[in-house]
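Comments concern the structure below.
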Amino acid sequence: MKITDLRMHILEPTLPLPVTSFDGLFSDSGPAGEIEFTLVRVLTDEGIEGDYIVWSEIPTARPGALKEVLRAFKPHLIGEDPFDREKIWQKLGSFWYGQKGPAFAAIDIALWDIAGKATSLPIYKLLGAQREKVKAYASGGPPSPKVESAIDLAIDLKGRGYEAMKLHLLDCKHVGR
């Protein structure tokens, strides 16, 4: 099997971005722009296609950067065996850092999607299937940098059934105030 094409499709409609990256889980911070969704497709000569949807905040340069990075990656993917994920990862990883992250991730996940479809196995089985289930955790930041705010958030999340949370960095100069 060989990769024959790499395509990108902007999906409609956009959705409101109700929070900023600084507000984490809180939806009451007001509108912060819109989210655009892009379908990234890796096609093969055997008709198996790997897909991944990337979301981007429209106010940032990310949607345009995704397009440019995918355009730059495409000639380096055509003709490659999609099962050679590590080889492709190393090849694309040698490119500039910049805005390649979302494109790099989309291609990697699309290649895993191809492997899953080709073998009729879910990706977790291809990765070794140590677990049948993975617990969800909440990710974000408290509405203020005060420690009490993080504690209140943890209590609220526990009440909603979460057993774990990941906090985004707090500025230490505010801790304890």
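Identifiers in this document derive from the order of the structure tokens: chains are assigned A, B, ..., residues are numbered from 1 separately in each chain, and ligands are numbered from 1 in order of occurrence.
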Could you give me, as a list in words, the residues within 6 Å of region 63-69 of chain A, counting only C-alpha atoms and dropping anything in the same chain fewer than 2 positions from it?
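So the residues in contact are Ser56, Ala61, Arg71, Ala72, Lys100 and Ala103 of chain A.
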Write the residues of the preceding selection, restricted to C-alpha atoms, as a compact mmCIF listing (two decimals), in the first residue's frame.
# COMPACT_ATOMS: atom_id res chain seq x y z
CA SER A 56 -8.55 25.90 14.86
CA ALA A 61 -3.09 32.21 12.10
CA ARG A 71 1.21 21.62 1.28
CA ALA A 72 4.87 21.37 2.29
CA LYS A 100 3.64 22.21 12.05
CA ALA A 103 -0.58 19.14 10.64
Quick one: everything within 10 Å of Glu86 (chain A), counting only C-alpha atoms, minus sequence neighbours fewer than 5 positions away in the same chain. Send it as a ChimeraX atom specification.
/A:91-92,108
The selected residues should be written to file as a short mmCIF file (atom, residue, chain, number, x, y, z; two decimals), in the first residue's frame (atoms: N, CA and C atoms).
data_model
loop_
_atom_site.label_atom_id
_atom_site.label_comp_id
_atom_site.auth_asym_id
_atom_site.auth_seq_id
_atom_site.Cartn_x
_atom_site.Cartn_y
_atom_site.Cartn_z
N LYS A 91 10.82 11.60 9.30
CA LYS A 91 11.01 12.41 8.10
C LYS A 91 10.35 13.79 8.26
N LEU A 92 9.08 13.80 8.67
CA LEU A 92 8.37 15.07 8.81
C LEU A 92 8.84 15.85 10.04
N ASP A 108 -0.23 11.95 11.53
CA ASP A 108 0.06 10.79 12.38
C ASP A 108 -1.22 10.02 12.71
#
Atom pair CA of Ala164 (chain A) / CA of Glu34 (chain A): separation (Å):
28.5 Å
Between A:Val134, A:Leu70, A:Ile53, A:Ile3, which residue has the minimum interatomic distance to Ile114 (chain A), considering only C-alpha atoms?
A:Ile3
At what distance in Å, to one decimal, does CA of Asp5 (chain A) lie from CA of Gly79 (chain A)?
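One can read the CA of Gly79 (chain A) to CA of Asp5 (chain A) distance as 8.8 Å.
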When distances are computed from only C-alpha atoms, which of A:Ile107, A:Trp112, A:Gln130, A:Asp156 shows the smallest separation from Leu39 (chain A)?
A:Ile107
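Checking A:Ala129, A:Met165, A:Ala115, A:Leu157 one by one against Gly50 (chain A), counting only C-alpha atoms, you find the shortest gap at A:Ala115.
Inside region 33-119 of chain A, the residues DSSP reads as strand (DSSP E) when given the backbone are Glu34, Ile35, Glu36, Phe37, Thr38, Leu39, Val40, Arg41, Val42, Leu43, Thr44, Glu49, Gly50, Asp51, Tyr52, Ile53, Val54, Trp55, Ser56 and Glu57 of chain A.
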